[in-house]
file target29.cif (mmCIF, C-alpha atoms)
data_run
loop_
_atom_site.group_PDB
_atom_site.id
_atom_site.type_symbol
_atom_site.label_atom_id
_atom_site.label_comp_id
_atom_site.auth_asym_id
_atom_site.auth_seq_id
_atom_site.Cartn_x
_atom_site.Cartn_y
_atom_site.Cartn_z
ATOM 1 C CA MET A 1 -46.434 -15.519 -48.987
ATOM 2 C CA SER A 2 -43.792 -13.589 -47.142
ATOM 3 C CA LYS A 3 -40.182 -14.602 -47.201
ATOM 4 C CA LYS A 4 -38.981 -16.288 -44.010
ATOM 5 C CA GLN A 5 -36.501 -14.184 -42.047
ATOM 6 C CA PRO A 6 -33.143 -15.932 -41.440
ATOM 7 C CA LEU A 7 -32.206 -16.902 -37.932
ATOM 8 C CA ILE A 8 -29.672 -14.744 -36.107
ATOM 9 C CA THR A 9 -27.435 -17.763 -35.627
ATOM 10 C CA GLU A 10 -27.084 -18.112 -39.388
ATOM 11 C CA SER A 11 -25.245 -14.785 -39.559
ATOM 12 C CA PHE A 12 -22.288 -16.136 -37.570
ATOM 13 C CA PRO A 13 -19.662 -18.424 -39.096
ATOM 14 C CA GLN A 14 -19.950 -22.020 -37.979
ATOM 15 C CA GLN A 15 -17.154 -23.419 -35.871
ATOM 16 C CA LYS A 16 -16.249 -27.010 -35.255
ATOM 17 C CA LEU A 17 -16.843 -27.876 -31.617
ATOM 18 C CA PRO A 18 -14.197 -29.690 -29.603
ATOM 19 C CA ALA A 19 -14.780 -33.283 -28.604
ATOM 20 C CA THR A 20 -17.441 -33.731 -25.956
ATOM 21 C CA ARG A 21 -16.504 -34.181 -22.354
ATOM 22 C CA SER A 22 -17.737 -37.744 -22.231
ATOM 23 C CA SER A 23 -15.518 -38.838 -25.109
ATOM 24 C CA LYS A 24 -12.512 -37.160 -23.486
ATOM 25 C CA ARG A 25 -13.251 -38.959 -20.231
ATOM 26 C CA LEU A 26 -13.317 -42.292 -21.987
ATOM 27 C CA GLU A 27 -10.034 -41.602 -23.789
ATOM 28 C CA ASN A 28 -8.196 -40.511 -20.637
ATOM 29 C CA LYS A 29 -9.731 -43.071 -18.310
ATOM 30 C CA PRO A 30 -6.910 -44.897 -16.531
ATOM 31 C CA THR A 31 -6.874 -48.641 -16.623
ATOM 32 C CA THR A 32 -7.032 -50.719 -13.470
ATOM 33 C CA THR A 33 -3.276 -51.281 -13.535
ATOM 34 C CA ASP A 34 -2.673 -47.507 -13.797
ATOM 35 C CA LYS A 35 -4.757 -46.970 -10.666
ATOM 36 C CA GLN A 36 -2.894 -49.702 -8.818
ATOM 37 C CA ASP A 37 0.465 -48.224 -9.873
ATOM 38 C CA ALA A 38 -0.595 -44.774 -8.656
ATOM 39 C CA VAL A 39 -1.574 -46.157 -5.263
ATOM 40 C CA SER A 40 1.571 -48.236 -4.869
ATOM 41 C CA ASN A 41 3.864 -45.366 -5.974
ATOM 42 C CA SER A 42 2.356 -42.785 -3.614
ATOM 43 C CA ALA A 43 4.347 -42.127 -0.479
ATOM 44 C CA PRO A 44 2.771 -43.361 2.740
ATOM 45 C CA ARG A 45 1.270 -40.568 4.791
ATOM 46 C CA SER A 46 2.551 -40.091 8.296
ATOM 47 C CA ASN A 47 0.271 -39.891 11.321
ATOM 48 C CA ALA A 48 1.141 -36.203 11.657
ATOM 49 C CA ASP A 49 -0.061 -35.526 8.095
ATOM 50 C CA ILE A 50 -3.286 -37.430 8.718
ATOM 51 C CA LEU A 51 -3.881 -35.558 12.005
ATOM 52 C CA ARG A 52 -3.142 -32.188 10.343
ATOM 53 C CA GLU A 53 -5.599 -32.876 7.539
ATOM 54 C CA ALA A 54 -8.263 -33.998 10.035
ATOM 55 C CA GLU A 55 -7.815 -30.851 12.157
ATOM 56 C CA LEU A 56 -7.928 -28.553 9.133
ATOM 57 C CA ASN A 57 -11.061 -30.335 7.949
ATOM 58 C CA ILE A 58 -12.714 -29.678 11.341
ATOM 59 C CA LEU A 59 -11.750 -25.993 11.082
ATOM 60 C CA ARG A 60 -13.109 -25.736 7.514
ATOM 61 C CA LYS A 61 -16.416 -27.165 8.712
ATOM 62 C CA PHE A 62 -16.435 -24.528 11.461
ATOM 63 C CA ASP A 63 -15.874 -21.852 8.795
ATOM 64 C CA VAL A 64 -18.900 -22.860 6.753
ATOM 65 C CA ARG A 65 -21.287 -23.200 9.713
ATOM 66 C CA MET A 66 -23.354 -20.049 9.906
ATOM 67 C CA ASP A 67 -24.487 -20.949 13.438
ATOM 68 C CA TYR A 68 -21.549 -18.942 14.781
ATOM 69 C CA GLY A 69 -21.961 -15.858 12.601
ATOM 70 C CA PRO A 70 -20.065 -14.678 9.529
ATOM 71 C CA CYS A 71 -16.340 -15.315 9.341
ATOM 72 C CA THR A 72 -15.125 -12.980 6.599
ATOM 73 C CA GLY A 73 -12.641 -10.352 7.678
ATOM 74 C CA ILE A 74 -11.731 -11.979 11.016
ATOM 75 C CA THR A 75 -9.586 -14.857 12.196
ATOM 76 C CA ARG A 76 -11.011 -18.134 13.414
ATOM 77 C CA MET A 77 -10.121 -17.268 17.014
ATOM 78 C CA GLU A 78 -11.878 -13.887 16.778
ATOM 79 C CA ARG A 79 -14.947 -15.629 15.401
ATOM 80 C CA TRP A 80 -14.830 -18.262 18.129
ATOM 81 C CA ASP A 81 -14.544 -15.544 20.830
ATOM 82 C CA ARG A 82 -17.426 -13.539 19.335
ATOM 83 C CA ALA A 83 -19.633 -16.627 19.156
ATOM 84 C CA ASP A 84 -18.774 -17.469 22.782
ATOM 85 C CA ARG A 85 -19.515 -13.906 23.976
ATOM 86 C CA ASN A 86 -22.899 -14.034 22.228
ATOM 87 C CA GLY A 87 -23.852 -17.341 23.828
ATOM 88 C CA LEU A 88 -23.688 -19.390 20.607
ATOM 89 C CA ASN A 89 -21.644 -22.146 22.315
ATOM 90 C CA PRO A 90 -18.914 -22.811 19.733
ATOM 91 C CA PRO A 91 -17.138 -26.160 20.176
ATOM 92 C CA ASP A 92 -14.196 -26.097 22.604
ATOM 93 C CA LYS A 93 -12.347 -28.459 20.288
ATOM 94 C CA ILE A 94 -12.075 -25.619 17.740
ATOM 95 C CA LYS A 95 -10.443 -23.329 20.293
ATOM 96 C CA GLN A 96 -8.024 -26.069 21.369
ATOM 97 C CA ILE A 97 -6.955 -26.725 17.776
ATOM 98 C CA ILE A 98 -6.446 -23.030 17.042
ATOM 99 C CA LEU A 99 -4.461 -22.404 20.232
ATOM 100 C CA LYS A 100 -2.309 -25.485 19.641
ATOM 101 C CA HIS A 101 -1.254 -24.025 16.256
ATOM 102 C CA GLU A 102 -1.563 -20.295 16.934
ATOM 103 C CA ASN A 103 1.539 -19.430 14.855
ATOM 104 C CA ASP A 104 0.388 -21.349 11.753
ATOM 105 C CA THR A 105 -1.713 -19.145 9.458
ATOM 106 C CA GLU A 106 -3.327 -22.181 7.853
ATOM 107 C CA TYR A 107 -4.957 -22.840 11.237
ATOM 108 C CA THR A 108 -5.651 -19.264 12.321
ATOM 109 C CA ASN A 109 -7.006 -17.773 9.082
ATOM 110 C CA ASN A 110 -10.435 -18.792 7.886
ATOM 111 C CA LEU A 111 -11.301 -20.490 4.643
ATOM 112 C CA TRP A 112 -11.978 -17.193 2.792
ATOM 113 C CA HIS A 113 -8.975 -15.273 4.086
ATOM 114 C CA ASP A 114 -7.353 -14.942 0.652
ATOM 115 C CA TYR A 115 -10.470 -13.505 -0.982
ATOM 116 C CA PRO A 116 -11.042 -9.728 -0.894
ATOM 117 C CA LEU A 117 -14.143 -8.421 0.857
#

call {"tool": "encode", "arguments": {"input": "target29.cif", "output": "structure tokens"}}
result
Amino acid sequence: MSKKQPLITESFPQQKLPATRSSKRLENKPTTTDKQDAVSNSAPRSNADILREAELNILRKFDVRMDYGPCTGITRMERWDRADRNGLNPPDKIKQIILKHENDTEYTNNLWHDYPL
């Protein structure tokens, strides 16, 4: 009989693995009172903050919709104009939101603005 060849994994030193994710989750899981404390200690959000988040969410959804063409390398307004010129009927609400905040880069730049092409 021929001698069995060792496995490649046997040539590497064994290392102790860190605790599994599930055990970490159980250890760090907040209790019900911790959750209640976090909610009660958080500052109430103003209507302006809620409106801002809702508008930015609408714009992010516009960014990921490929119905209006790609959005990398151009602003949201440029994309809206291009889609309108090509008869893709972009929502007027998007244009209104962008024009209302035309000096705020968080509104004018698309979702992938910070990533290089």

call {"tool": "resolve_selection", "arguments": {"input": "target29.cif", "expression": "the PyMOL selection byres ((chain A and resi 91-100) around 8)", "output": "JSON, numbers by chain"}}
result
{"A": [55, 58, 59, 62, 76, 77, 80, 89, 90, 101, 102, 107, 108]}

call {"tool": "atom_distance", "arguments": {"input": "target29.cif", "atom1": "atom CA of Arg60 of chain A", "atom2": "atom CA of Asp114 of chain A"}}
result
14.0 Å

call {"tool": "closest_residue", "arguments": {"input": "target29.cif", "among": "A:Ala43, A:Leu111, A:Thr9, A:Ile50", "to": "Arg65 of chain A", "atoms": "all atoms listed in the file"}}
result
A:Leu111

call {"tool": "resolve_selection", "arguments": {"input": "target29.cif", "expression": "the PyMOL selection byres ((chain A and resi 74) around 12)", "output": "ChimeraX atom specification"}}
result
/A:63,69-73,75-82,108-114,117

call {"tool": "closest_residue", "arguments": {"input": "target29.cif", "among": "A:Leu7, A:Glu106, A:Pro13, A:Leu88", "to": "Leu56 of chain A", "atoms": "only C-alpha atoms"}}
result
A:Glu106

call {"tool": "atom_distance", "arguments": {"input": "target29.cif", "atom1": "atom CA of Ser46 of chain A", "atom2": "atom CA of Asp104 of chain A"}}
result
19.2 Å

call {"tool": "atom_distance", "arguments": {"input": "target29.cif", "atom1": "atom CA of Asn103 of chain A", "atom2": "atom CA of Pro116 of chain A"}}
result
22.4 Å

call {"tool": "build_atoms", "arguments": {"input": "target29.cif", "residues": "segment 91-110 of chain A", "atoms": "N, CA and C atoms", "output": "short mmCIF file (atom, residue, chain, number, x, y, z; two decimals), keeping the file's coordinate frame"}}
result
data_model
loop_
_atom_site.label_atom_id
_atom_site.label_comp_id
_atom_site.auth_asym_id
_atom_site.auth_seq_id
_atom_site.Cartn_x
_atom_site.Cartn_y
_atom_site.Cartn_z
N PRO A 91 -17.81 -24.99 19.60
CA PRO A 91 -17.14 -26.16 20.18
C PRO A 91 -15.77 -25.81 20.77
N ASP A 92 -15.49 -26.33 21.96
CA ASP A 92 -14.20 -26.10 22.60
C ASP A 92 -13.06 -26.73 21.81
N LYS A 93 -13.37 -27.79 21.09
CA LYS A 93 -12.35 -28.46 20.29
C LYS A 93 -11.74 -27.49 19.26
N ILE A 94 -12.56 -26.60 18.72
CA ILE A 94 -12.08 -25.62 17.74
C ILE A 94 -11.04 -24.70 18.40
N LYS A 95 -11.37 -24.21 19.58
CA LYS A 95 -10.44 -23.33 20.29
C LYS A 95 -9.14 -24.05 20.61
N GLN A 96 -9.23 -25.29 21.04
CA GLN A 96 -8.02 -26.07 21.37
C GLN A 96 -7.13 -26.25 20.14
N ILE A 97 -7.74 -26.54 19.00
CA ILE A 97 -6.96 -26.72 17.78
C ILE A 97 -6.28 -25.42 17.38
N ILE A 98 -7.01 -24.33 17.44
CA ILE A 98 -6.45 -23.03 17.04
C ILE A 98 -5.31 -22.63 17.97
N LEU A 99 -5.51 -22.79 19.28
CA LEU A 99 -4.46 -22.40 20.23
C LEU A 99 -3.23 -23.31 20.14
N LYS A 100 -3.43 -24.56 19.79
CA LYS A 100 -2.31 -25.48 19.64
C LYS A 100 -1.41 -25.09 18.46
N HIS A 101 -2.00 -24.43 17.46
CA HIS A 101 -1.25 -24.02 16.26
C HIS A 101 -1.39 -22.53 16.02
N GLU A 102 -1.28 -21.72 17.07
CA GLU A 102 -1.56 -20.30 16.93
C GLU A 102 -0.58 -19.54 16.04
N ASN A 103 0.58 -20.11 15.73
CA ASN A 103 1.54 -19.43 14.86
C ASN A 103 1.45 -19.89 13.41
N ASP A 104 0.56 -20.83 13.11
CA ASP A 104 0.39 -21.35 11.75
C ASP A 104 -0.83 -20.68 11.12
N THR A 105 -0.60 -19.89 10.08
CA THR A 105 -1.71 -19.14 9.46
C THR A 105 -2.75 -20.06 8.81
N GLU A 106 -2.36 -21.26 8.44
CA GLU A 106 -3.33 -22.18 7.85
C GLU A 106 -4.39 -22.58 8.88
N TYR A 107 -4.02 -22.53 10.16
CA TYR A 107 -4.96 -22.84 11.24
C TYR A 107 -5.70 -21.60 11.72
N THR A 108 -5.03 -20.45 11.74
CA THR A 108 -5.65 -19.26 12.32
C THR A 108 -6.55 -18.52 11.35
N ASN A 109 -6.19 -18.49 10.07
CA ASN A 109 -7.01 -17.77 9.08
C ASN A 109 -8.14 -18.66 8.60
N ASN A 110 -9.28 -18.02 8.32
CA ASN A 110 -10.44 -18.79 7.89
C ASN A 110 -10.32 -19.18 6.41
#
